[in-house]
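The data block below is model.csv; it holds CSV, C-alpha atoms.
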chain,number,residue,atom,x,y,z
A,29,MET,CA,-33.3,-30.9,-39.7
A,30,LEU,CA,-30.2,-31.3,-37.6
A,31,ALA,CA,-28.4,-33.1,-40.5
A,32,CYS,CA,-29.4,-30.3,-42.9
A,33,LYS,CA,-28.0,-27.7,-40.5
A,34,ALA,CA,-24.7,-29.5,-40.0
A,35,VAL,CA,-24.2,-30.5,-43.6
A,36,VAL,CA,-24.9,-26.9,-44.9
A,37,ALA,CA,-22.6,-25.5,-42.3
A,38,VAL,CA,-19.8,-27.9,-43.2
A,39,LEU,CA,-20.3,-27.1,-46.9
A,40,LEU,CA,-19.9,-23.4,-46.2
A,41,VAL,CA,-16.7,-24.0,-44.3
A,42,ALA,CA,-15.2,-26.3,-46.9
A,43,ALA,CA,-16.2,-23.9,-49.8
A,44,GLY,CA,-14.7,-20.9,-48.0
A,45,GLY,CA,-11.5,-22.7,-47.3
A,46,ALA,CA,-11.2,-23.9,-50.9
A,47,LYS,CA,-11.8,-20.5,-52.2
A,48,LEU,CA,-9.1,-19.0,-50.1
A,49,ALA,CA,-6.6,-21.3,-51.7
A,50,ASP,CA,-7.3,-19.7,-55.1
A,51,VAL,CA,-8.3,-16.2,-54.5
A,52,ALA,CA,-7.2,-15.0,-57.9
A,53,GLY,CA,-9.3,-17.7,-59.6
A,54,PHE,CA,-12.3,-16.9,-57.5
A,55,ALA,CA,-11.8,-13.2,-58.0
A,56,ALA,CA,-12.1,-13.9,-61.7
A,57,SER,CA,-15.5,-15.4,-61.1
A,58,VAL,CA,-16.5,-12.5,-58.8
A,59,ARG,CA,-15.8,-9.9,-61.3
A,60,LEU,CA,-18.3,-11.4,-63.7
A,61,PHE,CA,-20.9,-10.0,-61.4
A,62,LEU,CA,-19.3,-6.7,-60.5
A,63,PRO,CA,-20.0,-3.6,-62.5
A,64,ARG,CA,-17.0,-2.5,-64.6
A,65,PRO,CA,-16.0,0.9,-65.7
A,66,ALA,CA,-16.5,1.5,-69.4
A,67,ALA,CA,-12.8,2.0,-69.9
A,68,PRO,CA,-9.9,0.8,-67.7
A,69,ARG,CA,-8.8,3.1,-65.0
A,70,LEU,CA,-5.4,4.4,-65.8
A,71,ASP,CA,-2.6,6.0,-63.9
A,72,GLY,CA,-0.4,7.1,-66.7
A,73,THR,CA,1.0,6.0,-70.1
A,74,ALA,CA,4.1,4.6,-71.6
A,75,ALA,CA,5.2,5.0,-75.1
A,76,ARG,CA,4.8,2.1,-77.6
A,77,LEU,CA,7.4,1.6,-80.2
A,78,ASP,CA,5.2,3.3,-82.8
A,79,GLY,CA,4.8,6.3,-80.5
A,80,THR,CA,1.3,5.7,-79.4
A,81,ALA,CA,0.4,5.4,-75.8
A,82,VAL,CA,0.1,2.2,-73.9
A,83,PRO,CA,-2.3,2.5,-70.9
A,84,ARG,CA,-1.0,1.4,-67.5
A,85,LEU,CA,-3.5,-0.1,-65.1
A,86,ASP,CA,-3.8,1.2,-61.5
A,87,GLY,CA,-5.1,-2.2,-60.4
A,88,THR,CA,-8.0,-0.7,-58.4
A,89,ALA,CA,-10.6,-3.1,-60.0
A,90,ALA,CA,-8.3,-6.1,-59.4
A,91,ARG,CA,-7.9,-5.2,-55.8
A,92,LEU,CA,-11.6,-4.7,-55.4
A,93,ASP,CA,-12.3,-8.1,-57.0
A,94,ARG,CA,-9.8,-9.8,-54.7
A,95,GLY,CA,-11.2,-8.0,-51.7
A,96,VAL,CA,-14.7,-9.1,-52.4
A,97,ALA,CA,-13.5,-12.7,-53.1
A,98,VAL,CA,-11.6,-12.8,-49.8
A,99,GLY,CA,-14.6,-11.3,-48.0
A,100,ILE,CA,-16.9,-13.9,-49.4
A,101,ALA,CA,-14.6,-16.8,-48.6
A,102,VAL,CA,-13.9,-15.6,-45.0
A,103,GLY,CA,-17.6,-14.9,-44.5
A,104,GLU,CA,-18.5,-18.4,-45.6
A,105,ILE,CA,-16.1,-19.9,-43.1
A,106,ALA,CA,-17.2,-17.6,-40.3
A,107,ALA,CA,-20.9,-18.2,-40.9
A,108,GLY,CA,-20.4,-22.0,-41.3
A,109,ALA,CA,-18.2,-22.4,-38.3
A,110,ALA,CA,-20.6,-20.2,-36.1
A,111,SER,CA,-23.6,-22.1,-37.3
A,112,LEU,CA,-22.0,-25.5,-36.7
A,113,SER,CA,-20.8,-24.6,-33.2
A,114,SER,CA,-23.7,-22.5,-32.0
A,115,PRO,CA,-26.8,-24.5,-33.0
A,116,ARG,CA,-29.0,-22.7,-30.4
A,117,ALA,CA,-28.5,-19.3,-32.1
A,118,SER,CA,-31.5,-19.5,-34.4
A,119,TRP,CA,-30.7,-16.2,-36.1
A,120,LEU,CA,-27.6,-17.9,-37.5
A,121,ASN,CA,-29.9,-20.3,-39.4
A,122,LEU,CA,-31.5,-17.2,-41.1
A,123,VAL,CA,-28.0,-15.8,-41.9
A,124,VAL,CA,-27.0,-19.1,-43.5
A,125,LEU,CA,-30.4,-19.3,-45.4
A,126,ALA,CA,-29.7,-15.8,-46.7
A,127,ILE,CA,-26.2,-16.8,-47.8
A,128,CYS,CA,-27.6,-19.8,-49.6
A,129,GLY,CA,-30.3,-17.6,-51.2
A,130,GLY,CA,-27.4,-15.5,-52.5
A,131,PHE,CA,-25.9,-18.7,-54.0
A,132,VAL,CA,-29.1,-19.4,-55.8
A,133,THR,CA,-29.3,-15.9,-57.1
A,134,VAL,CA,-25.7,-16.0,-58.3
A,135,SER,CA,-26.2,-19.4,-59.9
A,136,ALA,CA,-29.3,-18.1,-61.7
A,137,ALA,CA,-27.5,-15.0,-62.9
A,138,GLY,CA,-24.5,-17.1,-63.9
A,139,TYR,CA,-26.8,-19.5,-65.8
A,140,ARG,CA,-28.5,-16.6,-67.5
A,141,TRP,CA,-25.5,-14.4,-68.4
A,142,HIS,CA,-22.3,-16.5,-68.0
A,143,ARG,CA,-23.4,-20.0,-69.0
A,144,GLY,CA,-20.4,-22.4,-69.3
A,145,ARG,CA,-18.0,-20.2,-67.3
A,146,SER,CA,-16.3,-21.6,-64.2
A,147,CYS,CA,-18.1,-20.7,-61.0
A,148,ARG,CA,-15.2,-21.8,-58.8
A,149,CYS,CA,-17.7,-22.3,-56.0
A,150,PHE,CA,-15.3,-24.7,-54.3
A,151,GLY,CA,-12.1,-23.1,-55.6
A,152,ALA,CA,-10.0,-25.6,-57.5
A,153,LEU,CA,-11.7,-28.5,-55.9
A,154,SER,CA,-14.5,-28.3,-58.4
A,155,ARG,CA,-14.7,-27.8,-62.1
A,156,ARG,CA,-18.3,-26.9,-62.0
A,157,ARG,CA,-19.6,-24.3,-64.3
A,158,PHE,CA,-22.6,-22.1,-64.4
A,159,ASN,CA,-25.3,-24.5,-65.8
A,160,LEU,CA,-28.6,-25.9,-64.9
A,161,ALA,CA,-27.1,-28.6,-62.7
A,162,GLY,CA,-25.3,-26.0,-60.7
A,163,LEU,CA,-28.5,-24.0,-60.3
A,164,GLY,CA,-30.1,-27.2,-59.0
A,165,ARG,CA,-27.3,-27.9,-56.5
A,166,SER,CA,-27.6,-24.3,-55.2
A,167,ALA,CA,-31.3,-24.7,-54.8
A,168,ALA,CA,-30.8,-28.0,-53.0
A,169,ILE,CA,-28.4,-26.4,-50.5
A,170,ALA,CA,-30.8,-23.5,-50.0
A,171,LEU,CA,-33.6,-26.0,-49.4
A,172,GLY,CA,-31.4,-27.7,-46.8
A,173,ALA,CA,-30.7,-24.3,-45.2
A,174,GLY,CA,-34.4,-23.6,-45.2
A,175,VAL,CA,-35.2,-26.9,-43.5
A,176,ALA,CA,-32.6,-26.1,-40.9
A,177,THR,CA,-34.5,-23.1,-39.8
A,178,THR,CA,-37.3,-25.3,-38.4
A,179,PRO,CA,-37.3,-25.3,-34.6
A,180,VAL,CA,-36.1,-28.4,-32.9
A,181,ARG,CA,-36.2,-29.8,-29.3
A,182,ALA,CA,-33.9,-27.8,-27.1
A,183,ALA,CA,-32.3,-30.9,-25.7
A,184,ALA,CA,-31.1,-32.0,-29.1
A,185,ILE,CA,-29.0,-28.9,-29.5
A,186,GLN,CA,-27.9,-28.4,-25.9
A,187,LEU,CA,-24.1,-28.2,-26.2
A,188,GLY,CA,-21.6,-27.5,-23.5
A,189,PRO,CA,-18.7,-25.1,-24.0
A,190,ALA,CA,-16.3,-28.1,-24.6
A,191,ASP,CA,-18.7,-29.4,-27.3
A,192,ARG,CA,-18.9,-26.1,-29.0
A,193,ILE,CA,-15.1,-25.6,-28.9
A,194,ALA,CA,-14.6,-29.1,-30.4
A,195,LEU,CA,-17.1,-28.4,-33.2
A,196,LEU,CA,-15.4,-25.0,-33.9
A,197,ALA,CA,-12.0,-26.8,-34.0
A,198,GLY,CA,-13.5,-29.4,-36.3
A,199,ALA,CA,-14.8,-26.7,-38.6
A,200,LEU,CA,-11.5,-24.9,-38.8
A,201,LEU,CA,-9.8,-28.3,-39.5
A,202,VAL,CA,-12.2,-28.8,-42.4
A,203,ALA,CA,-11.5,-25.3,-43.7
A,204,ALA,CA,-7.7,-26.0,-43.5
A,205,ALA,CA,-8.1,-29.4,-45.2
A,206,ALA,CA,-10.2,-27.8,-47.9
A,207,PHE,CA,-7.6,-25.1,-48.4
A,208,SER,CA,-4.8,-27.7,-48.6
A,209,ALA,CA,-6.7,-29.9,-51.0
A,210,ALA,CA,-7.7,-27.0,-53.2
A,211,ALA,CA,-4.1,-25.7,-53.2
A,212,ALA,CA,-2.8,-29.1,-54.2
A,213,VAL,CA,-5.4,-29.6,-57.0
A,214,GLY,CA,-4.7,-26.0,-58.3
A,215,ALA,CA,-1.0,-26.5,-58.3
A,216,GLY,CA,-1.3,-29.8,-60.1
A,217,ARG,CA,-3.6,-28.5,-62.6
A,218,GLY,CA,-1.4,-25.5,-63.4
A,219,ALA,CA,-3.2,-23.9,-66.3
A,220,GLN,CA,-6.9,-23.4,-66.1
A,221,ASP,CA,-9.2,-25.9,-67.8
A,222,ALA,CA,-10.1,-24.6,-71.2
A,223,GLN,CA,-13.4,-22.9,-71.8
A,224,PRO,CA,-16.0,-24.9,-73.7
A,225,GLY,CA,-15.3,-22.8,-76.8
A,226,TRP,CA,-11.8,-24.2,-77.2
A,227,THR,CA,-12.7,-27.9,-77.2
B,15,MET,CA,-25.2,-42.9,-18.6
B,16,ILE,CA,-24.0,-39.7,-20.4
B,17,ALA,CA,-26.6,-38.2,-22.8
B,18,ILE,CA,-25.0,-36.9,-26.0
B,19,PRO,CA,-27.0,-34.3,-27.8
B,20,GLU,CA,-28.2,-35.6,-31.2
B,21,TYR,CA,-26.9,-32.5,-32.9
B,22,LEU,CA,-23.4,-33.2,-31.7
B,23,VAL,CA,-23.4,-36.7,-33.2
B,24,VAL,CA,-24.8,-35.4,-36.5
B,25,ALA,CA,-22.3,-32.6,-36.7
B,26,GLN,CA,-19.4,-34.9,-35.9
B,27,TRP,CA,-20.5,-37.2,-38.7
B,28,ALA,CA,-20.8,-34.2,-41.1
B,29,LEU,CA,-17.3,-33.1,-40.2
B,30,LEU,CA,-15.9,-36.6,-40.5
B,31,GLY,CA,-17.6,-37.0,-43.9
B,32,ALA,CA,-16.2,-33.7,-45.2
B,33,LEU,CA,-12.7,-34.6,-44.0
B,34,GLY,CA,-13.0,-38.0,-45.6
B,35,VAL,CA,-13.9,-36.5,-49.0
B,36,LEU,CA,-11.1,-34.0,-48.8
B,37,VAL,CA,-8.6,-36.8,-48.0
B,38,VAL,CA,-9.8,-38.8,-51.0
B,39,ILE,CA,-9.4,-35.6,-53.2
B,40,MET,CA,-5.8,-35.2,-52.0
B,41,PHE,CA,-4.9,-38.8,-52.7
B,42,ARG,CA,-6.5,-38.6,-56.2
B,43,GLN,CA,-4.4,-35.4,-56.8
B,44,LEU,CA,-1.3,-37.3,-55.7
B,45,GLY,CA,-2.0,-39.9,-58.4
B,46,ARG,CA,-2.6,-37.1,-61.0
B,47,LEU,CA,0.7,-35.5,-60.1
B,48,LEU,CA,2.5,-38.8,-60.7
B,49,THR,CA,1.0,-38.9,-64.2
B,50,GLY,CA,1.3,-35.2,-64.8
B,51,ALA,CA,3.7,-35.6,-67.7
B,52,ALA,CA,1.0,-37.4,-69.7
B,53,ARG,CA,-1.4,-34.5,-69.3
B,54,ALA,CA,1.2,-31.9,-70.3
B,55,ALA,CA,1.9,-33.9,-73.4
B,56,GLU,CA,-1.7,-33.5,-74.5
B,57,LEU,CA,-1.7,-29.7,-74.4
B,58,GLY,CA,-0.9,-27.7,-77.4
B,59,PRO,CA,0.0,-28.6,-81.0
B,60,VAL,CA,2.8,-31.1,-81.8
B,61,THR,CA,6.1,-29.3,-82.2
B,62,GLY,CA,7.9,-29.7,-85.5
B,63,ARG,CA,4.6,-29.9,-87.5
B,64,GLN,CA,2.9,-27.4,-89.7
B,65,ALA,CA,0.6,-25.1,-87.8
B,66,ALA,CA,-3.0,-25.2,-89.0
B,67,PRO,CA,-4.6,-22.1,-90.5
B,68,LEU,CA,-7.4,-20.5,-88.5
B,69,THR,CA,-10.3,-18.3,-89.3
B,70,TYR,CA,-11.0,-15.6,-86.7
B,71,ALA,CA,-12.7,-12.3,-86.2
B,72,ARG,CA,-11.7,-9.2,-84.3
B,73,PRO,CA,-13.9,-8.0,-81.5
B,74,GLY,CA,-16.4,-5.6,-82.8
B,75,ASP,CA,-15.6,-6.5,-86.4
B,76,PRO,CA,-17.6,-9.3,-87.9
B,77,ALA,CA,-15.3,-9.6,-90.9
B,78,GLU,CA,-13.6,-13.0,-91.0
B,79,ARG,CA,-9.9,-13.1,-91.2
B,80,GLN,CA,-7.6,-15.9,-92.2
B,81,LEU,CA,-4.6,-16.7,-90.2
B,82,THR,CA,-2.2,-18.7,-92.4
B,83,PRO,CA,1.0,-19.7,-90.7
B,84,GLY,CA,4.0,-20.0,-93.0
B,85,GLY,CA,3.5,-16.7,-94.7
B,86,GLY,CA,7.0,-15.6,-94.0
B,87,GLN,CA,6.3,-14.0,-90.6
B,88,PRO,CA,6.9,-15.8,-87.3
B,89,LEU,CA,3.8,-16.0,-85.1
B,90,LEU,CA,3.3,-16.0,-81.4
B,91,LEU,CA,-0.3,-17.3,-80.8
B,92,ALA,CA,-1.6,-17.0,-77.3
B,93,PHE,CA,-4.8,-18.9,-76.6
B,94,VAL,CA,-6.2,-17.0,-73.6
B,95,ASP,CA,-9.5,-15.9,-72.0
B,96,PRO,CA,-10.4,-12.8,-70.0
B,97,THR,CA,-11.9,-15.1,-67.3
B,98,CYS,CA,-8.6,-16.9,-66.7
B,99,PRO,CA,-6.2,-15.2,-64.2
B,100,SER,CA,-3.1,-16.9,-65.6
B,101,CYS,CA,-4.1,-15.6,-69.0
B,102,GLU,CA,-4.2,-12.1,-67.8
B,103,GLU,CA,-0.7,-12.6,-66.5
B,104,LEU,CA,0.5,-13.9,-69.8
B,105,VAL,CA,-1.2,-11.0,-71.7
B,106,GLY,CA,0.5,-8.6,-69.3
B,107,VAL,CA,3.9,-10.1,-69.9
B,108,LEU,CA,3.4,-10.1,-73.7
B,109,GLY,CA,2.4,-6.4,-73.5
B,110,GLU,CA,5.5,-5.6,-71.5
B,111,LEU,CA,7.8,-7.5,-73.9
B,112,GLN,CA,6.1,-5.9,-76.9
B,113,THR,CA,6.5,-2.4,-75.4
B,114,ALA,CA,10.2,-3.2,-74.7
B,115,GLY,CA,10.6,-4.2,-78.3
B,116,GLU,CA,11.5,-7.8,-77.5
B,117,LEU,CA,8.8,-9.2,-79.8
B,118,ALA,CA,10.0,-7.2,-82.8
B,119,GLY,CA,9.7,-9.2,-86.0
B,120,LEU,CA,6.9,-11.3,-84.6
B,121,ARG,CA,3.2,-11.2,-85.1
B,122,VAL,CA,1.5,-11.6,-81.8
B,123,LEU,CA,-2.1,-12.6,-81.7
B,124,LEU,CA,-4.3,-13.2,-78.7
B,125,LEU,CA,-7.0,-15.8,-79.5
B,126,ILE,CA,-10.0,-15.9,-77.1
B,127,SER,CA,-13.0,-18.2,-76.8
B,128,ASP,CA,-15.0,-16.0,-74.5
B,129,PRO,CA,-17.4,-13.7,-76.2
B,130,PRO,CA,-15.9,-10.2,-77.0
B,131,SER,CA,-18.1,-8.6,-74.3
B,132,TYR,CA,-16.0,-10.4,-71.7
B,133,LEU,CA,-13.0,-8.3,-72.7
B,134,GLN,CA,-14.3,-5.4,-70.7
B,135,ILE,CA,-14.4,-7.3,-67.5
B,136,SER,CA,-10.6,-7.6,-67.6
B,137,GLU,CA,-8.5,-4.5,-67.2
B,138,VAL,CA,-5.5,-6.2,-68.8
B,139,PHE,CA,-7.4,-7.4,-71.8
B,140,SER,CA,-9.3,-4.2,-72.4
B,141,ALA,CA,-6.1,-2.2,-72.2
B,142,THR,CA,-3.7,-4.3,-74.2
B,143,GLY,CA,-2.5,-3.1,-77.5
B,144,ILE,CA,-2.0,-6.6,-78.9
B,145,GLU,CA,-4.2,-7.8,-81.6
B,146,ILE,CA,-7.1,-9.9,-80.4
B,147,GLY,CA,-9.1,-12.4,-82.4
B,148,ARG,CA,-11.8,-15.0,-81.8
B,149,PRO,CA,-11.9,-18.2,-83.9
B,150,VAL,CA,-15.1,-18.3,-85.8
B,151,ARG,CA,-14.8,-21.8,-87.2
B,152,PRO,CA,-13.7,-25.0,-85.4
B,153,ALA,CA,-11.7,-26.1,-88.5
B,154,GLY,CA,-8.0,-26.2,-87.6
B,155,LEU,CA,-8.6,-25.4,-84.0
B,156,GLU,CA,-8.6,-29.0,-82.8
B,157,SER,CA,-4.9,-29.4,-83.9
B,158,TYR,CA,-3.9,-26.8,-81.4
B,159,ARG,CA,-5.3,-29.0,-78.6
B,160,VAL,CA,-6.3,-26.1,-76.3
B,161,SER,CA,-7.2,-28.3,-73.3
B,162,ALA,CA,-6.1,-25.6,-70.9
B,163,THR,CA,-5.4,-21.9,-70.9
B,164,PRO,CA,-3.2,-20.0,-71.2
B,165,LEU,CA,-1.5,-21.8,-74.1
B,166,LEU,CA,1.3,-20.1,-76.0
B,167,VAL,CA,2.3,-21.4,-79.4
B,168,ALA,CA,5.4,-20.3,-81.3
B,169,VAL,CA,5.3,-20.7,-85.0
B,170,ASP,CA,8.3,-19.9,-87.2
B,171,ALA,CA,8.3,-18.1,-90.6
B,172,ALA,CA,7.8,-21.4,-92.4
B,173,GLY,CA,4.6,-22.2,-90.4
B,174,VAL,CA,6.2,-24.9,-88.3
B,175,VAL,CA,5.3,-25.1,-84.6
B,176,ARG,CA,8.5,-24.5,-82.6
B,177,ALA,CA,7.2,-24.5,-79.1
B,178,ALA,CA,3.9,-24.9,-77.3
B,179,GLY,CA,3.0,-24.8,-73.7
B,180,SER,CA,1.3,-23.1,-70.8
B,181,VAL,CA,3.8,-20.4,-69.8
B,182,VAL,CA,3.5,-17.0,-68.2
B,183,ARG,CA,7.0,-16.2,-66.9
B,184,PRO,CA,8.8,-13.5,-68.9
B,185,ALA,CA,11.9,-15.7,-69.4
B,186,GLU,CA,9.8,-18.5,-70.8
B,187,VAL,CA,7.8,-16.2,-73.1
B,188,ARG,CA,11.0,-14.7,-74.3
B,189,ALA,CA,12.4,-18.1,-75.1
B,190,PHE,CA,9.2,-18.9,-77.0
B,191,ALA,CA,9.6,-15.7,-79.0
B,192,GLN,CA,13.2,-16.5,-79.8
B,193,SER,CA,12.4,-20.0,-80.8
B,194,CYS,CA,10.3,-19.0,-83.7
B,195,LEU,CA,12.9,-16.5,-84.9
B,196,LEU,CA,15.8,-18.9,-85.0
B,197,PRO,CA,16.6,-21.2,-88.0
B,198,ALA,CA,14.8,-24.5,-87.7
B,199,PRO,CA,17.6,-26.7,-86.3
B,200,GLU,CA,18.3,-24.4,-83.5
B,201,ALA,CA,14.7,-23.7,-82.7
B,202,ALA,CA,13.8,-26.9,-81.0
B,203,LEU,CA,12.4,-26.1,-77.7
B,204,THR,CA,10.7,-28.6,-75.3
B,205,VAL,CA,7.2,-28.0,-74.1
B,206,VAL,CA,7.2,-26.1,-70.9
B,207,PRO,CA,4.1,-27.3,-69.0
B,208,ALA,CA,4.3,-25.4,-65.8
B,209,VAL,CA,2.3,-22.4,-65.0
B,210,ALA,CA,2.2,-23.4,-61.4
B,211,GLY,CA,5.4,-23.6,-59.4
B,212,ARG,CA,6.9,-20.5,-60.9
B,213,GLY,CA,9.3,-18.4,-58.9
B,214,GLU,CA,8.0,-15.8,-56.5
B,215,ASP,CA,9.7,-13.1,-58.4
B,216,GLY,CA,7.7,-14.0,-61.4
B,217,THR,CA,10.7,-14.8,-63.5

Translate this structure into C-alpha cells?
Amino acid sequence: MLACKAVVAVLLVAAGGAKLADVAGFAASVRLFLPRPAAPRLDGTAARLDGTAVPRLDGTAARLDRGVAVGIAVGEIAAGAASLSSPRASWLNLVVLAICGGFVTVSAAGYRWHRGRSCRCFGALSRRRFNLAGLGRSAAIALGAGVATTPVRAAAIQLGPADRIALLAGALLVAAAAFSAAAAVGAGRGAQDAQPGWT
Amino acid sequence: MIAIPEYLVVAQWALLGALGVLVVIMFRQLGRLLTGAARAAELGPVTGRQAAPLTYARPGDPAERQLTPGGGQPLLLAFVDPTCPSCEELVGVLGELQTAGELAGLRVLLLISDPPSYLQISEVFSATGIEIGRPVRPAGLESYRVSATPLLVAVDAAGVVRAAGSVVRPAEVRAFAQSCLLPAPEAALTVVPAVAGRGEDGT
C-alpha cells in the first residue's frame, strides 16, 4: 500500500515535469479532447493573390489548449508532490485516485476515438500512443492509486517536518529531472515521429 | 535506535528509482545525439532521384487524384499532420509565403495521414488556403520515407527531388522553394534535418 502510494505520486510528478518540457506537444494531445468551433475563429482577413480572403487566426483556441495543458501538468506535479510528502492527508489519496480515474477515462476515449495518435502522457519521454496497452497501463496506475487509499498504521506514515521537506525536495528534483530529460529527448528528436499512416 | 517510518523508506526508494530511470534516459539520449546524423539521413526521399507518383484524395471528396511529379510544374510537398505542432508551424509559414507570392510558380500540396476529420481540431489546418490531400494507396509512399513529420520535399519541374528535410523556418522553406525552381545543377541543396534548435525569432 505504501509502495503504491509512493510510486503513483512519483509517476505523477515525473509525468507533470515531462509534460511541461513540451507544452506545445501535449497541447496537441489535449485539443483532441476539447470541443472545437465549427469554423476557426477569425480576427480579420488578408488578401490572397487571387483576391480571395485568407482568414487570420486569433489564437484563442491555441491559448486555451496550452492553458489546459499547463494546468494539467502543474496539477500533476502539485498533487504528486503533496501526496508524496503528506502521507497522513488521506484526502489526497482520493484526489490522486480521481486524477488516475481521469487518466483511465482519457485513455479509453483516446482508444475509442483517437487510436494510434500520440498521447504524450510523459511528454517527449514516451512514444506511447492511444492503444489497448496504454489503457491497461492507466488502469494499473489507477489500481495502484486505489490500493493506496487503504488505511495504514499511523506509525508507518508518521513523518516529521524535516522528512516532509526532504520528500518535497525529492519530488521537485524528480520533476526537474523529468523536465530536463524530456527537453533533451524532444530536442534530439526534432520532428515528431510519424503517425502510423505514414509508415 | 532511531525508528524510521516505513513510508519514508519506500518513498525514498521510489524517488531514487525515478531519478535512476531519468538518468538512464538522458544518457541514452546523449548516445542518440551522437548518431543523429544517421537518423536524419533516413528521413525523406533521396535527393537527385525521381519522385514517386502518389494517389491521394482531398478531404470531403472521395475522388482519387494522381500526383505525377515531372509534369512540368515544380512541387513542394509537405507531409504533415494536424496533430503535430511543428507541422502547424510549417503550414503557417507556407501560408504566409504563399500569400506573399513567394511560392509563385510552385504547386504546394499538404499531404496528411490523419483522417480528414482531424483537420477541424487545428485552426491552422482548417483555415489554410493550401491544397490538402491524403494518400489513399501506399504505393509510392514508402520512397518518401516519412519517418517523422513535418517533412518538406522540393521536386523540380522534371520530377527530380531537389531537397527533403524537416524544416519549419521561413528561410529554410524559402530555400526549398527556390531549389525546385532553379535549373538542376544549381538546385543541389543538402538535407536540413533540424526542426529543433531553430532561432528564437523563428528565422

Using only C-alpha atoms, select each residue of chain B with any atom at most 7 Å away from an atom of chain A, and give the selection as a ChimeraX atom specification.
-> /B:19-21,24-25,28-29,32-33,36,39-40,43,47,97-99,113,115,127,135,137,140-141,143,160-164,180,208-210

Store the residues picked out above in a file with C-alpha atoms, as a compact mmCIF listing (two decimals), in the frame of the given file.
# COMPACT_ATOMS: atom_id res chain seq x y z
CA PRO B 19 -27.00 -34.30 -27.80
CA GLU B 20 -28.20 -35.60 -31.20
CA TYR B 21 -26.90 -32.50 -32.90
CA VAL B 24 -24.80 -35.40 -36.50
CA ALA B 25 -22.30 -32.60 -36.70
CA ALA B 28 -20.80 -34.20 -41.10
CA LEU B 29 -17.30 -33.10 -40.20
CA ALA B 32 -16.20 -33.70 -45.20
CA LEU B 33 -12.70 -34.60 -44.00
CA LEU B 36 -11.10 -34.00 -48.80
CA ILE B 39 -9.40 -35.60 -53.20
CA MET B 40 -5.80 -35.20 -52.00
CA GLN B 43 -4.40 -35.40 -56.80
CA LEU B 47 0.70 -35.50 -60.10
CA THR B 97 -11.90 -15.10 -67.30
CA CYS B 98 -8.60 -16.90 -66.70
CA PRO B 99 -6.20 -15.20 -64.20
CA THR B 113 6.50 -2.40 -75.40
CA GLY B 115 10.60 -4.20 -78.30
CA SER B 127 -13.00 -18.20 -76.80
CA ILE B 135 -14.40 -7.30 -67.50
CA GLU B 137 -8.50 -4.50 -67.20
CA SER B 140 -9.30 -4.20 -72.40
CA ALA B 141 -6.10 -2.20 -72.20
CA GLY B 143 -2.50 -3.10 -77.50
CA VAL B 160 -6.30 -26.10 -76.30
CA SER B 161 -7.20 -28.30 -73.30
CA ALA B 162 -6.10 -25.60 -70.90
CA THR B 163 -5.40 -21.90 -70.90
CA PRO B 164 -3.20 -20.00 -71.20
CA SER B 180 1.30 -23.10 -70.80
CA ALA B 208 4.30 -25.40 -65.80
CA VAL B 209 2.30 -22.40 -65.00
CA ALA B 210 2.20 -23.40 -61.40

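Interatomic distance, atom CA of Ser135 of chain A against atom CA of Gly162 of chain A: 6.7 Å.
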
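For the atom pair formed by atom CA of Phe139 of chain B and atom CA of Gln112 of chain B, the distance is 14.5 Å, given to one decimal.
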
Considering only C-alpha atoms, return as a list in words whatever protein or nucleic-acid residues lie within 8 Å of Ala171 of chain B, sequence-local ones (same chain, fewer than 2 positions apart) excluded.
-> Pro83, Gly84, Gly85, Gly86, Gln87, Pro88, Leu89, Val169, Gly173, Val174, Cys194 and Leu195 of chain B

To one decimal place, how far is atom CA of Ala107 of chain A from atom CA of Leu160 of chain A in Å?
-> 26.4 Å

Of the listed residues B:Asp75, B:Glu156, B:Glu110, B:Glu56, that which approaches Pro184 of chain B most closely, counting only C-alpha atoms = B:Glu110

Of the candidates B:Ala178, B:Pro73, B:Gln64, B:Arg46, which shows the shortest atom-to-atom distance to Leu133 of chain B, using all atoms listed in the file?
->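 Using all atoms listed in the file, the shortest distance to Leu133 of chain B belongs to B:Pro73.
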
Step by step: start from the point (-7.2, -15.0, -81.1) in the file's coordinates, keep every protein, DNA or RNA residue that has an atom no farther than 9 Å from it, count only C-alpha atoms, and write the set as a list in words.
-> Tyr70, Ala71, Arg72, Leu91, Ala92, Phe93, Val94, Leu123, Leu124, Leu125, Ile126, Ser127, Glu145, Ile146, Gly147, Arg148 and Pro149 of chain B

Counting all atoms listed in the file, what is within 7 Å of Thr177 of chain A, bar same-chain residues fewer than 3 positions away, as a list of chain:residue names?
-> A:Asn121, A:Leu122, A:Ala173, A:Gly174

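Nearest to Ala189 of chain B of all the residues B:Leu90, B:Gly119, B:Gly154, B:Ser131 is B:Leu90, counting all atoms listed in the file.
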